[in-house]
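Novice: Can you read through this structure? Questions will come right after.
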Amino acid sequence: MFSATRSSLNVLKTRVGQSTYVSTARMISGQRMKYSISTKTSALCSKAVRQHTVYGANRIQRFHASALSNAKVPFLLADIGEGITECEVIQWFVKAGDKVEEFDRLCEVQSDKASVEITSRFTGTVASLKYKVGDMAKVGSPLVEIETGDAVEESAAAEPADPTPEDNLKGRSHVIQDMNAVAAMMDTPIAGKIETPTAEHILTFATPAVRRVAKENNVDISLIKGSGKGGRVMKEDVLNYLANGRQATAAPKEAAAPAPAAKAFIPRGEDKVVPLSMIQKAMFKQMTKSLSIPHFGFADEIILDNATAFRASLNAHVAKNPEKYKFKKVSYMPIFIKALSVALEDYPILNARVVDGEDPSTAKLQYRASHNIGIAMDTPNGLVVPNIKNVQSLSVLDIAAELVRLQEAGKKNAIPMADLRDGTLSLSNVGNIGGTYLNPVVVTSEVAIAAVGKMQRVPRFKMIEDEKTGKLVEQVVAQQIVNVSWSADHRVIDGATVARFSEAWKSVVENPFLLGGMLR
C-alpha cells in the first residue's frame with residue numbers, strides 16, 4: 001500500500017510471472033483514493049481495471065473506468081486556535097472563476113483572539129464561495145470549492161472474463177486493493193444563495209474595526225480613498241467621508257441576521273443596539289468566569305529613580321550598537337517583567353494555576369516552571385494579552401526585543417496564536433493612558449495579576465547627608481514614582497504572600513543593578 005500527494009501520480013510496477021500490474025494512488029483533501037490497474041504494458045494506463053483477487057484461483061473481474069469531469073475539492077476551514085469553533089469572514093481576496101495556486105490568499109477571518117489570512121492548499125479554479133463577508137464560518141466546514149483539474153473516475157458494471165496467459169496469476173497475486181471513500185470530493189450544499197464579491201471589493205485594505213464602522217453606516221468602503229500606509233483605509237477616512245455629506249443611503253432590511261460590530265460610529269441623538277465583537281464575546285465569557293474567583297487586592301508605590309538611571313544606561317548601550325538591536329529604546333516594562341521573574345523564583349505559587357477548582361475536594365495547584373509573563377495590549381480590535389515565553393531565561397534586552405515584536409504585531413491585529421496561549425502571570429500597563437491605583441481582574445488560568453499606574457514626579461521625605469555636619473537629615477525631595485495594584489485568587493493566595501511577593505519585586509525594580517549580581 002502507498003499514498004501520494006494530490007499533485008503527483010506515482011506508479012508502482014510489480015512484475016508477477018510475465019505480467020505487469022500498475023497501481024496508482026492519489027491524495028485529495030487529506031483523503032486517499034486508491035485503485036488498481038491491470039494491463040500488459042504501462043502505456044495502457046488510461047483504461048483502469050480494478051482486480052478482485054481470489055487467492056489460489058485464476059478468475060479475474062475487470063471494471064472499465066473513464067475520466068468524467070474535473071474534481072471540485074471543498075476547502076475546509078481548519079482549526080486556527082485552541083477552543084475556537086467559528087470565525088467571522090472579514091474579506092475575500094478571490095471570487096468565483098479566479099485562478100489560484102498553492103499558498104495564494106483566499107480570505108481573512110476574525111476569531112475572538114486575532115485575525116488570520118487563509119491561504120490555499122490547492123492549485124486550480126475557484127468554483128464557489130460558501131460564505132459572504134460578515135458570515136460566521138464554522139471550523140471544519142467548507143469555505144470554498146476549488147476545481148483542481150484532476151479527473152474523477154467512475155467504474156462501469158463488472159464483467160467476468162476468461163483468464164488469458166498474460167492474466168494468469170497462478171494464485172500469486174499481490175495487487176494493491178484499498179478503495180477508500182472519497183468524501184472530500186462530494187459537493188457540500190449551502191442553504192441560500194451565495195453572493196460573489198465584486199472585483200473592487202477584493203483588495204480594499206482596512207482593519208476589521210474600520211470595516212464595521214463603514215458597515216454600520218452603510219458606506220461602500222471601496223469608494224473611500226485610504227490615507228494609511230499602502231492605501232489602507234483608516235477610521236478617520238470613513239468619518240471624514242460621512243462628515244462631507246456623502247453617507248450612503250440605507251439598504252433595505254434583509255432576513256439575514258446583522259453581522260457582529262465593534263466600535264460603531266453612532267450619530268448624535270440616535271440610540272442603537274449592536275452585537276458584541278468576537279473579542280468582546282471572549283472578554284464576556286472570561287470575565288464572567290472570573291467573577292467566581294474571590295479577589296484579594298493589594299497596592300503599593302515604587303520609586304523609579306534608580307530604574308530610570310538603569311534604563312538610561314541600557315538605551316546608551318543600544319544607541320552605540322544599533323546593528324545588534326531592532327529597537328531604538330528600552331521602556332520600563334522589560335525591567336518590570338524581568339524583576340517579576342526574579343521574584344517568582346522565591347514565590348513560585350504566584351506562577352501556579354488552580355486545577356479542578358469547582359470542588360474543594362478535587363482542587364489542586366499546578367506549579368509551572370516557565371515564567372510566561374502576559375502583557376495586556378490595547379489593539380485596534382480591542383484588548384488582547386499575549387505573553388513573553390520563558391522570561392527566566394531572557395535578559396532585559398531580550399525581553400525588550402520580544403515586547404517590540406508583540407507590539408508591532410498587535411498594531412496589525414496579527415499576533416500569532418502561540419503568543420496568546422499558556423500565560424502564567426499577567427502585567428497591565430494601563431497607566432500609559434491614565435490612572436494611579438487600579439483594580440485588575442484575575443483570569444481563571446492564573447492566580448494573580450498586576451496593574452501599573454501612571455508615573456509621577458512627586459515630593460517625598462528622604463534622609464540625606466548634610467554637607468556641613470555629615471549627619472543624616474530629613475529633607476523633601478522630588479522622586480519619580482509609580483503605583484502598582486495587585487489582584488490575587490484569594491482561594492489559594494493569602495494577603496501576606498502577595499505582600500511579600502510584591503516587596504521582593506519592588507526591591508529589584510528599585511535596585512535594578514542587582515540583576516547583574518543574580519546572573520549565573
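Residues in the C-alpha cells are numbered from 1 in each chain, the chains being A, B, ... in the order shown, and ligands are numbered from 1 in the order shown.
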Determine, counting only C-alpha atoms, which protein, DNA and RNA residues have an atom within 10 Å of an atom of segment 514-517 of chain A; residues of the same chain fewer than 6 positions away are not included. Present the result as a PyMOL selection string.
Specialist: chain A and resi 335+338-339+342+395-396+507-508
Novice: Write to file, as a PDB file, in the first residue's frame, the residues of the selection just made, with N, CA and C atoms.
Specialist:
ATOM      1  N   ILE A 335      12.112  45.991  32.357  1.00  0.00           N
ATOM      2  CA  ILE A 335      12.686  45.936  33.710  1.00  0.00           C
ATOM      3  C   ILE A 335      11.656  45.366  34.676  1.00  0.00           C
ATOM      4  N   LYS A 338      11.290  41.481  33.960  1.00  0.00           N
ATOM      5  CA  LYS A 338      12.417  40.674  34.459  1.00  0.00           C
ATOM      6  C   LYS A 338      12.408  40.619  35.979  1.00  0.00           C
ATOM      7  N   ALA A 339      12.075  41.735  36.622  1.00  0.00           N
ATOM      8  CA  ALA A 339      12.007  41.749  38.087  1.00  0.00           C
ATOM      9  C   ALA A 339      10.919  40.808  38.592  1.00  0.00           C
ATOM     10  N   VAL A 342      12.340  37.326  38.604  1.00  0.00           N
ATOM     11  CA  VAL A 342      13.264  37.122  39.722  1.00  0.00           C
ATOM     12  C   VAL A 342      12.487  36.860  41.014  1.00  0.00           C
ATOM     13  N   SER A 395      17.322  38.023  29.036  1.00  0.00           N
ATOM     14  CA  SER A 395      17.859  39.248  29.613  1.00  0.00           C
ATOM     15  C   SER A 395      16.855  40.381  29.438  1.00  0.00           C
ATOM     16  N   VAL A 396      17.133  41.519  30.051  1.00  0.00           N
ATOM     17  CA  VAL A 396      16.244  42.675  29.890  1.00  0.00           C
ATOM     18  C   VAL A 396      16.181  43.094  28.430  1.00  0.00           C
ATOM     19  N   SER A 507      11.817  45.501  45.399  1.00  0.00           N
ATOM     20  CA  SER A 507      13.229  45.677  45.729  1.00  0.00           C
ATOM     21  C   SER A 507      14.122  45.557  44.498  1.00  0.00           C
ATOM     22  N   VAL A 508      13.742  44.682  43.544  1.00  0.00           N
ATOM     23  CA  VAL A 508      14.535  44.536  42.326  1.00  0.00           C
ATOM     24  C   VAL A 508      14.301  45.722  41.395  1.00  0.00           C
TER      25      VAL A 508
END
Novice: Can you list, as a PyMOL selection string, all residues belonging to segment 237-376 of chain A that DSSP tags as helix (DSSP H, G or I)?
Specialist: chain A and resi 237-243+278-290+305-320+333-346+348-351
Novice: Show me, as a PyMOL selection string, the residues that have an atom within 7 Å of Val100 of chain A when counting only C-alpha atoms, minus same-chain residues fewer than 6 positions from it.
Specialist: chain A and resi 123-125
Novice: Please provide the set of residues having any atom within 9 Å of Phe336 of chain A, restricted to only C-alpha atoms, with same-chain residues fewer than 2 positions apart removed, written as a list in words.
Specialist: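 In the requested form, the answer reads Tyr332, Met333, Pro334, Lys338, Ala339, Leu340, Ser341, Leu427, Trp505, Lys506, Val508 and Val509 of chain A.
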Novice: Any chance you can output those residues with N, CA and C atoms as a PDB file, in the first residue's frame?
Specialist:
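The new file out-v2.pdb reads:
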ATOM      1  N   TYR A 332      10.327  51.012  30.457  1.00  0.00           N
ATOM      2  CA  TYR A 332      10.393  50.471  31.814  1.00  0.00           C
ATOM      3  C   TYR A 332       9.837  49.042  31.893  1.00  0.00           C
ATOM      4  N   MET A 333       8.958  48.676  30.955  1.00  0.00           N
ATOM      5  CA  MET A 333       8.285  47.376  31.043  1.00  0.00           C
ATOM      6  C   MET A 333       9.243  46.183  31.065  1.00  0.00           C
ATOM      7  N   PRO A 334      10.290  46.127  30.219  1.00  0.00           N
ATOM      8  CA  PRO A 334      11.206  44.982  30.309  1.00  0.00           C
ATOM      9  C   PRO A 334      11.854  44.848  31.685  1.00  0.00           C
ATOM     10  N   LYS A 338      11.290  41.481  33.960  1.00  0.00           N
ATOM     11  CA  LYS A 338      12.417  40.674  34.459  1.00  0.00           C
ATOM     12  C   LYS A 338      12.408  40.619  35.979  1.00  0.00           C
ATOM     13  N   ALA A 339      12.075  41.735  36.622  1.00  0.00           N
ATOM     14  CA  ALA A 339      12.007  41.749  38.087  1.00  0.00           C
ATOM     15  C   ALA A 339      10.919  40.808  38.592  1.00  0.00           C
ATOM     16  N   LEU A 340       9.795  40.700  37.876  1.00  0.00           N
ATOM     17  CA  LEU A 340       8.740  39.752  38.250  1.00  0.00           C
ATOM     18  C   LEU A 340       9.266  38.314  38.231  1.00  0.00           C
ATOM     19  N   SER A 341      10.025  37.997  37.180  1.00  0.00           N
ATOM     20  CA  SER A 341      10.561  36.638  37.064  1.00  0.00           C
ATOM     21  C   SER A 341      11.522  36.329  38.209  1.00  0.00           C
ATOM     22  N   LEU A 427       0.631  41.261  33.508  1.00  0.00           N
ATOM     23  CA  LEU A 427       1.006  42.611  33.914  1.00  0.00           C
ATOM     24  C   LEU A 427       0.341  43.598  32.964  1.00  0.00           C
ATOM     25  N   TRP A 505       9.511  41.924  44.440  1.00  0.00           N
ATOM     26  CA  TRP A 505       9.514  42.533  43.100  1.00  0.00           C
ATOM     27  C   TRP A 505       9.961  43.993  43.178  1.00  0.00           C
ATOM     28  N   LYS A 506       9.403  44.720  44.148  1.00  0.00           N
ATOM     29  CA  LYS A 506       9.706  46.134  44.328  1.00  0.00           C
ATOM     30  C   LYS A 506      11.195  46.358  44.590  1.00  0.00           C
ATOM     31  N   VAL A 508      13.742  44.682  43.544  1.00  0.00           N
ATOM     32  CA  VAL A 508      14.535  44.536  42.326  1.00  0.00           C
ATOM     33  C   VAL A 508      14.301  45.722  41.395  1.00  0.00           C
ATOM     34  N   VAL A 509      13.050  46.182  41.285  1.00  0.00           N
ATOM     35  CA  VAL A 509      12.759  47.326  40.421  1.00  0.00           C
ATOM     36  C   VAL A 509      13.455  48.585  40.944  1.00  0.00           C
TER      37      VAL A 509
END
Novice: From a DSSP calculation on the backbone, collect every residue of segment 253-456 of chain A in strand (DSSP E or B) and output the set as a PyMOL selection string.
Specialist: chain A and resi 295-303+353-355+364-366+373-375+377-379+382-384+387-388+425-428+448-456
Novice: Select from segment 368-436 of chain A every residue with an atom at most 10 Å from any atom of segment 474-494 of chain A, then for each give the shortest pair of atoms and their distance in Å to one decimal, using only C-alpha atoms, rows by chain and rising number, as JSON lines.
Specialist:
{"residue": "A:Leu427", "atom": "CA", "partner": "A:Trp486", "partner_atom": "CA", "distance": 9.4}
{"residue": "A:Ser428", "atom": "CA", "partner": "A:Ser485", "partner_atom": "CA", "distance": 9.6}
{"residue": "A:Asn429", "atom": "CA", "partner": "A:Val484", "partner_atom": "CA", "distance": 9.5}
{"residue": "A:Gly431", "atom": "CA", "partner": "A:Val482", "partner_atom": "CA", "distance": 8.8}
{"residue": "A:Gly435", "atom": "CA", "partner": "A:Asn483", "partner_atom": "CA", "distance": 9.1}
{"residue": "A:Thr436", "atom": "CA", "partner": "A:Asn483", "partner_atom": "CA", "distance": 5.7}
Novice: For Thr497 of chain A, list every protein, DNA or RNA residue within 10 Å, evaluated using only C-alpha atoms, and leave out those in the same chain fewer than 2 positions away; present the list as a list in words.
Specialist: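 Final neighbour list, sorted by chain and number: Tyr347, Ile349, Leu350, Ala488, Ile493, Asp494, Gly495, Ala499, Arg500, Phe501, Ser502 and Glu503 of chain A.
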Novice: Output the selection as a short mmCIF file (atom, residue, chain, number, x, y, z; two decimals), in the first residue's frame - all heavy atoms for each residue.
Specialist:
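Result went into again-v2.cif, see below:
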data_model
loop_
_atom_site.label_atom_id
_atom_site.label_comp_id
_atom_site.auth_asym_id
_atom_site.auth_seq_id
_atom_site.Cartn_x
_atom_site.Cartn_y
_atom_site.Cartn_z
N TYR A 347 8.84 32.90 45.11
CA TYR A 347 7.42 32.70 45.38
C TYR A 347 6.75 32.02 44.18
O TYR A 347 5.96 32.62 43.45
CB TYR A 347 6.74 34.04 45.69
CG TYR A 347 7.30 34.72 46.92
CD1 TYR A 347 8.35 35.62 46.82
CD2 TYR A 347 6.77 34.45 48.17
CE1 TYR A 347 8.87 36.23 47.95
CE2 TYR A 347 7.29 35.05 49.32
CZ TYR A 347 8.34 35.95 49.19
OH TYR A 347 8.85 36.55 50.31
N ILE A 349 4.40 29.98 43.90
CA ILE A 349 2.95 29.79 43.94
C ILE A 349 2.23 30.87 43.12
O ILE A 349 1.14 30.64 42.61
CB ILE A 349 2.44 29.80 45.40
CG1 ILE A 349 0.98 29.32 45.44
CG2 ILE A 349 2.58 31.17 46.03
CD1 ILE A 349 0.45 29.11 46.84
N LEU A 350 2.86 32.04 42.95
CA LEU A 350 2.25 33.09 42.14
C LEU A 350 2.29 32.75 40.66
O LEU A 350 1.61 33.41 39.86
CB LEU A 350 2.95 34.43 42.39
CG LEU A 350 2.45 35.31 43.54
CD1 LEU A 350 1.02 35.74 43.35
CD2 LEU A 350 2.64 34.64 44.88
N ALA A 488 -5.26 38.99 43.48
CA ALA A 488 -4.86 37.58 43.58
C ALA A 488 -6.08 36.72 43.90
O ALA A 488 -7.07 37.19 44.45
CB ALA A 488 -3.79 37.41 44.65
N ILE A 493 -4.26 32.05 47.51
CA ILE A 493 -3.21 33.02 47.81
C ILE A 493 -3.69 33.92 48.95
O ILE A 493 -4.72 34.59 48.82
CB ILE A 493 -2.86 33.88 46.58
CG1 ILE A 493 -2.54 33.00 45.36
CG2 ILE A 493 -1.70 34.81 46.90
CD1 ILE A 493 -1.30 32.18 45.51
N ASP A 494 -2.92 33.96 50.04
CA ASP A 494 -3.30 34.83 51.16
C ASP A 494 -2.63 36.19 51.01
O ASP A 494 -1.70 36.38 50.22
CB ASP A 494 -2.94 34.19 52.50
CG ASP A 494 -1.46 33.84 52.61
OD1 ASP A 494 -0.62 34.74 52.45
OD2 ASP A 494 -1.14 32.66 52.84
N GLY A 495 -3.09 37.15 51.81
CA GLY A 495 -2.60 38.51 51.70
C GLY A 495 -1.14 38.66 52.04
O GLY A 495 -0.41 39.45 51.40
N ALA A 499 1.82 40.37 49.68
CA ALA A 499 2.62 41.48 50.17
C ALA A 499 4.11 41.17 50.09
O ALA A 499 4.91 42.01 49.67
CB ALA A 499 2.21 41.83 51.60
N ARG A 500 4.51 39.96 50.50
CA ARG A 500 5.93 39.59 50.44
C ARG A 500 6.43 39.51 49.00
O ARG A 500 7.55 39.93 48.68
CB ARG A 500 6.15 38.25 51.16
CG ARG A 500 5.91 38.30 52.66
CD ARG A 500 6.35 37.01 53.32
NE ARG A 500 6.05 37.04 54.76
CZ ARG A 500 5.00 36.43 55.31
NH1 ARG A 500 4.15 35.75 54.55
NH2 ARG A 500 4.81 36.50 56.61
N PHE A 501 5.59 38.94 48.13
CA PHE A 501 5.98 38.85 46.72
C PHE A 501 6.12 40.25 46.11
O PHE A 501 7.09 40.52 45.38
CB PHE A 501 4.94 38.04 45.95
CG PHE A 501 5.17 38.01 44.46
CD1 PHE A 501 6.22 37.27 43.92
CD2 PHE A 501 4.37 38.74 43.60
CE1 PHE A 501 6.44 37.25 42.55
CE2 PHE A 501 4.59 38.73 42.24
CZ PHE A 501 5.63 37.98 41.70
N SER A 502 5.20 41.14 46.41
CA SER A 502 5.26 42.49 45.89
C SER A 502 6.51 43.21 46.40
O SER A 502 7.16 43.96 45.64
CB SER A 502 4.00 43.28 46.27
OG SER A 502 4.04 44.59 45.75
N GLU A 503 6.88 43.00 47.65
CA GLU A 503 8.07 43.62 48.20
C GLU A 503 9.33 43.09 47.52
O GLU A 503 10.28 43.84 47.27
CB GLU A 503 8.16 43.36 49.71
CG GLU A 503 7.27 44.27 50.54
CD GLU A 503 7.68 45.73 50.42
OE1 GLU A 503 8.89 46.03 50.56
OE2 GLU A 503 6.79 46.58 50.19
#
Novice: Which residues are close to Gly231 of chain A, i.e. within 10 Å by only C-alpha atoms, leaving aside same-chain residues fewer than 3 positions away? Reply as a compact mmCIF listing (two decimals) with C-alpha atoms, in the first residue's frame.
Specialist:
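This went into part.txt:
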# COMPACT_ATOMS: atom_id res chain seq x y z
CA THR A 204 -9.62 47.11 -0.20
CA PHE A 205 -7.22 47.30 2.73
CA ALA A 206 -8.78 48.13 6.10
CA ILE A 224 -13.15 55.73 0.10
CA LYS A 225 -9.55 56.66 -0.69
CA GLY A 226 -7.33 55.42 2.13
CA SER A 227 -4.81 57.72 3.77
CA GLY A 228 -2.91 54.96 5.58
CA MET A 234 -8.39 54.34 8.27
Novice: Given the choices A:Asp98, A:Asn390, A:Arg311, A:Pro348, which gets closest to Phe513 of chain A if the distance is worked out from only C-alpha atoms?
Specialist: A:Arg311
Novice: Record the distance separating atom CA of Pro142 of chain A and atom CA of Ala114 of chain A, expressed in Å with one decimal.
Specialist: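 Interatomic distance, atom CA of Pro142 of chain A to atom CA of Ala114 of chain A: 20.6 Å.
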Novice: Would you pick out the contacts of segment 283-290 of chain A at 8 Å or less, using only C-alpha atoms, so that residues sharing its chain but fewer than 2 positions from it are not included, and give the list as an NGL selection string?
Specialist: :A and (279-281 or 292-293 or 441-444)
Novice: Okay, now the selection with C-alpha atoms, as a JSON list (two decimals), in the first residue's frame?
Specialist:
[["chain", "number", "residue", "atom", "x", "y", "z"],
["A", 279, "ILE", "CA", -13.05, 39.88, 21.17],
["A", 280, "GLN", "CA", -15.86, 41.36, 23.28],
["A", 281, "LYS", "CA", -17.54, 37.95, 23.33],
["A", 292, "SER", "CA", -16.41, 33.17, 40.59],
["A", 293, "ILE", "CA", -12.92, 33.94, 41.92],
["A", 441, "VAL", "CA", -9.26, 41.08, 37.28],
["A", 442, "VAL", "CA", -7.66, 37.64, 37.65],
["A", 443, "VAL", "CA", -8.31, 35.17, 34.82],
["A", 444, "THR", "CA", -9.14, 31.54, 35.60]]
